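J.: Structure provided below as structure tokens; questions to follow.
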Amino acid sequence: MDEARRRKILDEAMDLFRKKGYSAASMQEIAEACGMAKASIYKFFPSKEDLFTAAFVDCHRTLLERADELDRSGSELRLPPRERLRRKIEFQLFYTVENHLFMIDFRELPITSNENFAAAWKRKKAALLAWRKELLLEAYGERIEPFVWDAVAIFRGILFEYLGYVIQKVIAVPIPELAAYIVDRMDAVTEDLARSNAKPILNEASAYYHHLNPSDPLVRQGTAMQFLQSLDEKIGELPKDEEARGELREVVGLLRKEAGADAPNPTLIRVLSSYLESVPELRPYVRQLNLMLS
């Protein structure tokens with residue numbers, strides 16, 4: 001009985017949130033829609049924030065459950081991987097448009113500062129990243145495994161850019177056609193990455209860092225060390241004599257030592273960076289390095 005009442009509250013709340021938005025929908029209105037006293041709502045959800053968080057979690061759980069159902073039906077119908085990908089993209093486009101308050105629009109809401117909601121949001125992002133990885137691996141096979149996280153990032157960017165235009169009602173392309181268009185673009189992206197044997201930019205560890213899960217100092221230090229290795233390789237390509245390249249590499253070595261210290265000396269880093277910056281070809285690298293070490 002309690003589970004049925006909780007489900008009814010959640011369904012009515014989600015409907016009201018969709019219609020009126022988070023801020024405008026009140027607990028009193030939700031209670032009236034349920035035919036309950038407001039006090040009864042608070043027995044299940046202590047606050048409006050808790051109710052919205054539960055709705056948010058439920059919305060994303062439903063997304064992944066229905067995607068699994070599409071997987072099963074696709075297997076039963078023996079659809080080719082590309083068509084299974086198109087169907088799942090079409091489903092996600094429709095689902096996100098219909099539930100955009102819980103999928104996209106909440107970003108500017110005060111709920112985002114709620115600790116419980118932020119934790120649920122973080123778990124959701126991790127689950128969707130893993131799902132998109134499996135989505136692309138299923139469609140394009142093991143050949144994209146070395147750069148799958150770059151493909152996920154590109155796919156996510158394409159998907160959400162076009163979703164924004166659909167939600168704003170500024171494009172009239174039917175969603176099934178848009179899904180096919182996105183598959184065409186991902187075909188081209190993955191084919192190019194595989195053919196060119198592109199060096200991956202992202203890996204599994206870096207892909208999961210974002211504003212809700214920021215990197216820590218140790219991770220940032222490791223990234224700076226990797227970047228300094230790239231800088232060293234760039235110096236090896238410069239049209240300079242061996243002695244000049246050796247001096248520049250020595251400076252990079254000093255920077256590597258300083259960047260790896262427990263308490264890096266910012267003055268020394270600036271001096272060493274300025275020396276490298278005197279070489280025009282290295283200026284973009286030094287600019288990025290300074291941002292990393294700031």
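Identifiers in this document derive from the order of the structure tokens: chains are assigned A, B, ..., residues are numbered from 1 separately in each chain, and ligands are numbered from 1 in order of occurrence.
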Based on DSSP run over this structure's backbone, return all residues of stretch 93-242 of chain A in helix (DSSP H, G or I), as a ChimeraX atom specification.
T.: /A:93-98,100-103,105-108,110-113,115-140,142-167,175-196,204-207,217-236,242
J.: Find the residues near stretch 259-262 of chain A: any atom within 10 Å, counting only C-alpha atoms, skip ones fewer than 5 places away on the same chain, and give them as a list of chain:residue names.
T.: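 Those residues are A:Leu218, A:Gln221, A:Gly222, A:Ala224, A:Met225, A:Leu228, A:Gly253, A:Leu254, A:Ile269, A:Met292, A:Leu293.
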J.: Counting only C-alpha atoms, figure out which residue out of A:Ala207, A:Gly236, A:Thr62, A:Asp15 gets nearest to A:Ala151.
T.: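 Nearest to A:Ala151: A:Ala207.
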J.: Looking at only C-alpha atoms, which of A:Asn116, A:Glu243, A:Lys169, A:Pro217 is the one that sits closest to A:Ala263?
T.: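 Residue with the minimum atom-to-atom distance to A:Ala263: A:Pro217.
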J.: Ranking A:Met27, A:Val57, A:Ala127, A:Leu79 by minimum distance to A:Met103 and counting only C-alpha atoms, which one comes first?
T.: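 Closest to A:Met103 of all the choices is A:Val57.
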J.: Name all residues at most 10 Å from stretch 171-186 of chain A (count only C-alpha atoms; drop same-chain ones fewer than 3 positions away) and give them as a ChimeraX atom specification.
T.: /A:82-83,85-94,136,139-140,151-152,154-155,158-159,162-168,189-192
J.: Excluding A:Asp71 and any residue of its chain fewer than 3 positions from it, enumerate the residues within 10 Å of it, using only C-alpha atoms, and give them as a short mmCIF file (atom, residue, chain, number, x, y, z; two decimals) with C-alpha atoms, in the first residue's frame.
T.:
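Final output, saved to part-v8.cif:
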```cif
data_model
loop_
_atom_site.label_atom_id
_atom_site.label_comp_id
_atom_site.auth_asym_id
_atom_site.auth_seq_id
_atom_site.Cartn_x
_atom_site.Cartn_y
_atom_site.Cartn_z
CA GLU A 65 15.39 0.25 -18.51
CA ARG A 66 13.62 1.14 -21.76
CA ALA A 67 16.95 1.21 -23.56
CA ASP A 68 17.58 -2.34 -22.31
CA GLY A 74 16.66 -5.54 -31.40
CA SER A 75 18.35 -8.86 -30.71
CA GLU A 76 15.09 -10.78 -31.15
CA LEU A 77 14.46 -9.03 -34.48
CA LEU A 79 18.53 -6.01 -36.47
CA ARG A 84 19.93 -0.82 -33.30
CA LEU A 85 22.03 2.28 -32.68
CA ARG A 87 16.63 3.14 -32.75
CA LYS A 88 18.28 3.86 -29.39
CA LEU A 135 26.15 1.72 -27.20
#
```
J.: With only C-alpha atoms as the atoms that count, which of A:Ser215, A:Ser23, A:Ser47, A:Asn203 lies nearest to A:Asp150?
T.: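 Looking only at the distances to A:Asp150, the closest residue turns out to be A:Asn203.
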J.: Write out as a PyMOL selection string which residues come within 8 Å of A:Leu101 when counting only C-alpha atoms, dropping same-chain ones fewer than 3 positions away.
T.: chain A and resi 17-18+21+104-106
J.: Choose the residue, out of A:Met36, A:Glu29, A:Phe44, A:Glu277, that has the smallest atom-to-atom separation from A:Leu289; count only C-alpha atoms.
T.: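 Going through A:Met36, A:Glu29, A:Phe44, A:Glu277 one by one, the smallest distance to A:Leu289 is for A:Glu277.
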J.: Do you know which residues are at most 12 Å from A:Glu32 counting only C-alpha atoms, after dropping those on the same chain fewer than 3 positions away, and could you put them as a list in words?
T.: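 My reading of the contact set: Lys8, Ile9, Glu12, Ala13, Leu16, Ala25, Ser26, Met27, Gln28, Glu29, Gly35, Met36, Ala37, Lys38, Ala39, Ser40 and Ile41 of chain A.
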J.: With only C-alpha atoms as the atoms that count, which of A:Glu281, A:Glu98, A:Asp241, A:Asp232 lies nearest to A:Leu63?
T.: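 Looking only at the distances to A:Leu63, the closest residue turns out to be A:Glu98.
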J.: Taking 5 positions as the minimum chain separation for residues in the same chain, which residues sit within 12 Å of A:Arg195 when counting only C-alpha atoms? Answer as a PyMOL selection string.
T.: chain A and resi 143-144+147+187-190
J.: Grab the atom CA of A:Arg107 to atom CA of A:Tyr209 distance for me, in Å with one decimal place.
T.: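 Straight-line distance from atom CA of A:Arg107 to atom CA of A:Tyr209 works out to 17.4 Å.
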J.: Mind giving me the straight-line distance from atom CA of A:Leu51 to atom CA of A:Leu64 in Å, one decimal?
T.: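 Spanning atom CA of A:Leu51 to atom CA of A:Leu64 is a straight-line distance of 20.3 Å.
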